[in-house]
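Engineer: What follows is a structure written as structure tokens; I'll ask about it next.
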Amino acid sequence: MPERMIILKHVSVGYGKYRAGKPAEEALVVKDVSFEIGQGRSVCLVGPNGSGKTTLLRAIAGMLPAYGEILVDGKNLREIKRKEIASYLSFLSQMSRVYYSFSVYETVMQGRYVHGGSFFSQTASRDREVVEETLESLGLQDLSHRQITTLSGGQIQRVMLARCIAQESPVMILDEPLNYLDMKIQSEFIDYIFRWREKPVKTDWGKEYQPTIIGVFHDINIAACIADDMAMLSDGRLLAFGEKKDVLTEEMLEKTYRFDAAGYLRKYRSCFSV
Amino acid sequence: MKNFPRKKPRNQASQSTFTLQIGAAILAGLAALILGICIGSVNIALSDTVSIILAKLTGGAVKDSIDASLVSILWEIRIPRTLCAFLVGGALAVSGAVIQSILQNPLASSYTLGVSSGACLGTALIIITGAGSASIGYFLLPAAGFGCGLGTVLLVIVIASRFDSGFQNHTIILFGMIVSLFVNAVMTMLSALNESHMQRLILWQMGSFSGRRFSHAAVIFACVLAGTVLTVFFHRELDILSFGDEEAAAVGVDRKRIKILLLVLSSFLTGVSVCFTGVIGFVDLTIPHIVRKIYGSTHKVVIPMSFLFGGAFMTLCDLLARTLMAPQEIPIGAITAFIGAPFFLWVYYKGRV
């Protein structure tokens, strides 16, 4: 087991009004989940709709308050500031509407926010360097002065991925970033993610980390492709956690999705003559 | 490894056009100020204007060739009024830009959060109780308006953050509108019960720059300058927040704290404007959009340019308000909407191509 990057201890998450103490069982969407994610691993949360995987992911990203403990590199998420959370975790969600027009360069530069000082910080040369490197590695250098409102969905999502990478946080959280995108873009995206995983990430406090990924994907095929480990959730509870080949078994799929999932996957593959 | 094109030729060209565009905007702002000062029911030649201003500033005597009444019109009426119009226009446009960005709503403005209804209520209370007619000075009315305006916004923020721990944009807008409507209702009841004051109340609400003096201009100047400069310090946070709450949190912006701070700051700017001049619509809504169409959405540029454009626009509108049907004055709010609406449509559709 490599060094542990993220530890979940009895994590429960619920929506609605929060009173002191833990809410009733039925108000919880995620119930008493515990697991550990090793540094450098890629973990996908899988399970049927309403199983609580997105909710759990958001809690890990610090976007939702959670009961229990979530530790990132030994630090309790609840006790550190937003900026420090962002220096550990970058977050990419599904394509959202863009209201105002910024250039690609300006958008990616936003990922450098965590590295800036306070009010008066000017764009440092290190920030420019990282942004330009990132743009180039994602093939965005020719678009860098384009306004994002003029880009296609796939291009916007690539820009947002660039923003995450430029943030230089050792953990990347992916919340269904490939929704609405076609096969070619999905494949390119997965390649970019794999390439990002190859190089250790050095943080501002001088520590090097192996890049870690935690993701939720609508399509179980993509999840299977990206993950080393899988956490199988059903009805807010953790059914299984481990290497993907141990989790994605015929019985486990059937138990979780409550239908002949393996048969469905086989039927679906047999439709292609590839 | 391929070299990253550090400065593309196209970029260099667009950089110089950009500088040119900013220079043009500054010149246009100055031109609007000069026009506002020189033109009126009595036109004053530019050379006379300059020599009067120079004489006043240096403490010297005004040339004998210039009529003494011109001097007092210019110095005691025209200049403070024009300055007030410019500052208020700028402040409204800046606050509009901020609110539209952080609430991610192109139709929002700080009026949505109840600044104006609060300010109206505060002023109404003073007018009806008759405290304003006492010789306490020019500042009781504005102070009451300002206090109630800001109080209303704070109430909206408190309620919204109580009900919604995520402090989401639609919650803020919803509670803003509900509280505004409620405060408006109180205000309507008050004025219905006090018919003798109704006309004064209505006139105040329509907004006007007439009778503004240097003491007003000085207070507005100090507040607006402080508010605008502070806002510019938050340009990165504003950029990031225009992508949405979650995206902002993802890169490390403490969204709730920054949002509340910016909401209060822009309400302060609107509050200062409303309490001295009444409710003037449209500038806060349209100017930021026009600025974004021309300069892009980076707030480092949007905030100062909104100030300049808003100021110039308001100055020209005030000029029209007092000259079009002179000696009668048209309420300035009518002018801003009358010119602003078609102009906005034109810019919006032209900018889309």
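Letters A, B, ... mark the chains of the structure tokens in the order given; residue numbers begin at 1 per chain; ligand numbers begin at 1, in order shown.
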Give me the residues near B:Gln205 as a PyMOL selection string, where near means some atom within 8 Å (using only C-alpha atoms) and where sequence neighbours in that chain fewer than 5 positions away do not count.
Structural biologist: chain B and resi 120+278-279
Engineer: Would you save the residues of that selection, restricted to N, CA and C atoms, as a CSV table (one decimal), in the first residue's frame?
Structural biologist:
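Output saved as out_4.csv:
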chain,number,residue,atom,x,y,z
B,120,CYS,N,-35.6,54.4,-0.4
B,120,CYS,CA,-36.8,55.1,-0.6
B,120,CYS,C,-37.6,55.2,0.8
B,278,GLY,N,-31.7,59.9,-5.8
B,278,GLY,CA,-32.9,59.1,-6.1
B,278,GLY,C,-32.6,57.9,-6.9
B,279,VAL,N,-33.7,57.3,-7.4
B,279,VAL,CA,-33.5,56.0,-8.1
B,279,VAL,C,-33.3,56.2,-9.6
Engineer: Skip stretch 29-36 of chain B itself and residues of its chain fewer than 3 positions away, then list as a list in words all residues within 7 Å of it, counting only C-alpha atoms.
Structural biologist: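 Here the qualifying residues turn out to be Ala25, Ile26, Ile39, Thr82, Leu308, Phe309, Ala312, Thr315, Leu316 and Leu319 of chain B.
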Engineer: Could you give me, as an NGL selection string, the residues within 12 Å of stretch 114-117 of chain B, counting only C-alpha atoms and dropping anything in the same chain fewer than 6 positions from it?
Structural biologist: :B and (92 or 95 or 108 or 123-124 or 145-157 or 172-188 or 204-207 or 263-281)
Engineer: Compile a residue-level contact table for chain A against chain B at a cut-off of 10 Å, reporting for every qualifying residue the shortest atom pair and its distance in Å to one decimal, with only C-alpha atoms counted, rows ordered by chain and ascending number, as CSV.
Structural biologist:
residue,atom,partner,partner_atom,distance
A:Gly16,CA,B:Asp164,CA,8.8
A:Lys17,CA,B:Ser165,CA,8.5
A:Tyr18,CA,B:Ser165,CA,9.0
A:Arg58,CA,B:Glu246,CA,10.0
A:Ala61,CA,B:Ala250,CA,8.0
A:Gly62,CA,B:Ala249,CA,8.7
A:Met63,CA,B:Glu246,CA,7.5
A:Leu64,CA,B:Gly166,CA,8.5
A:Pro65,CA,B:Ser165,CA,9.7
A:Lys81,CA,B:Asp254,CA,7.9
A:Arg82,CA,B:Gly252,CA,5.2
A:Lys83,CA,B:Gly252,CA,4.1
A:Glu84,CA,B:Gly252,CA,7.2
A:Ile85,CA,B:Gly252,CA,7.0
A:Ala86,CA,B:Gly252,CA,4.7
A:Ser87,CA,B:Gly252,CA,7.4
A:Tyr88,CA,B:Gly252,CA,9.9
A:Leu89,CA,B:Ala250,CA,7.7
A:Ser90,CA,B:Ala250,CA,5.9
A:Phe91,CA,B:Ala250,CA,5.3
A:Leu92,CA,B:Ala250,CA,7.8
A:Ser93,CA,B:Glu247,CA,8.2
A:Ser96,CA,B:Phe243,CA,8.6
A:Arg97,CA,B:Phe243,CA,8.3
A:Val98,CA,B:Phe243,CA,6.6
A:Tyr99,CA,B:Gln104,CA,7.0
A:Tyr100,CA,B:Ser297,CA,6.2
A:Ser101,CA,B:Ser297,CA,5.5
A:Phe102,CA,B:Ser297,CA,5.6
A:Ser103,CA,B:Gly296,CA,8.1
A:Glu106,CA,B:Thr298,CA,7.9
A:Thr107,CA,B:Ile240,CA,8.3
A:Met109,CA,B:Arg236,CA,9.8
A:Gln110,CA,B:Ile240,CA,6.5
A:Gly111,CA,B:Val251,CA,5.7
A:Arg112,CA,B:Val251,CA,7.7
A:Tyr113,CA,B:Val251,CA,6.4
A:Val114,CA,B:Gly252,CA,5.8
A:His115,CA,B:Gly252,CA,9.6
A:Ser118,CA,B:Phe233,CA,9.4
A:Phe119,CA,B:Phe233,CA,5.6
A:Phe120,CA,B:Phe233,CA,6.8
A:Ser121,CA,B:Phe233,CA,9.4
A:Gln122,CA,B:Arg236,CA,9.9
A:Glu129,CA,B:Phe4,CA,10.0
A:Glu132,CA,B:Phe4,CA,7.0
A:Glu133,CA,B:Phe4,CA,7.9
A:Leu135,CA,B:Phe4,CA,9.1
A:Glu136,CA,B:Phe4,CA,7.1
A:Gln141,CA,B:Phe4,CA,7.1
A:Asp142,CA,B:Pro5,CA,8.7
A:His145,CA,B:Asn11,CA,7.6
A:Gln147,CA,B:Gly296,CA,8.3
A:Met160,CA,B:Glu247,CA,9.5
A:Arg163,CA,B:Val251,CA,8.7
A:Cys164,CA,B:Val251,CA,8.0
A:Gln167,CA,B:Val251,CA,7.3
A:Ser169,CA,B:Val251,CA,9.7
A:Ile173,CA,B:Ala250,CA,9.5
Engineer: Can you list, as a ChimeraX atom specification, all residues belonging to stretch 42-151 of chain A that DSSP tags as strand (DSSP E or B)?
Structural biologist: /A:42-46,67-72,75-76,89-93,103,147
Engineer: Please compute the atom CA of B:Leu203-atom CA of B:Ile332 distance, one decimal, in Å.
Structural biologist: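 That distance, rounded to one decimal, is 11.0 Å.
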Engineer: Write out as a PyMOL selection string all residues of stretch 85-222 of chain B that backbone DSSP assigns to helix (DSSP H, G or I).
Structural biologist: chain B and resi 85-102+110-113+115-129+131-133+140-163+169-193+195-206+214-222
Engineer: Find the residues around B:Asn43 up to 12 Å (only C-alpha atoms counted), leave out those fewer than 3 positions away in its own chain, and share them as a VMD selection string.
Structural biologist: chain B and resid 34 to 40 46 to 49 70 to 71 73 to 74 78 319 323
Engineer: One decimal, in Å: what's the spacing between atom CA of A:Arg126 and atom CA of B:Ile102?
Structural biologist: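 Distance between the two atoms: 28.1 Å.
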Engineer: Excluding A:Phe189 and any residue of its chain fewer than 3 positions from it, enumerate the residues within 10 Å of it, using only C-alpha atoms, and give them as a ChimeraX atom specification.
Structural biologist: /A:138,154,157-158,161,177-178,181,183-186,192-195
Engineer: Between B:Ala334, B:Leu285, B:Ala68, B:Ile294, which residue has the minimum interatomic distance to B:Val347, considering only C-alpha atoms?
Structural biologist: B:Ile294
Engineer: Neighbours of A:Val11 within 6 Å (only C-alpha atoms; same-chain residues fewer than 5 positions away dropped), as a list of chain:residue names?
Structural biologist: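 Here the qualifying residues turn out to be A:Asp32, A:Val33, A:Tyr67, A:Gly68.
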Engineer: So that I can check the surroundings of A:Ile213, please list as an MDAnalysis selection string every protein, DNA and RNA residue that reaches within 6 Å of it, counting only C-alpha atoms and ignoring chain neighbours fewer than 4 positions away.
Structural biologist: chainID A and resid 42:43 171:173
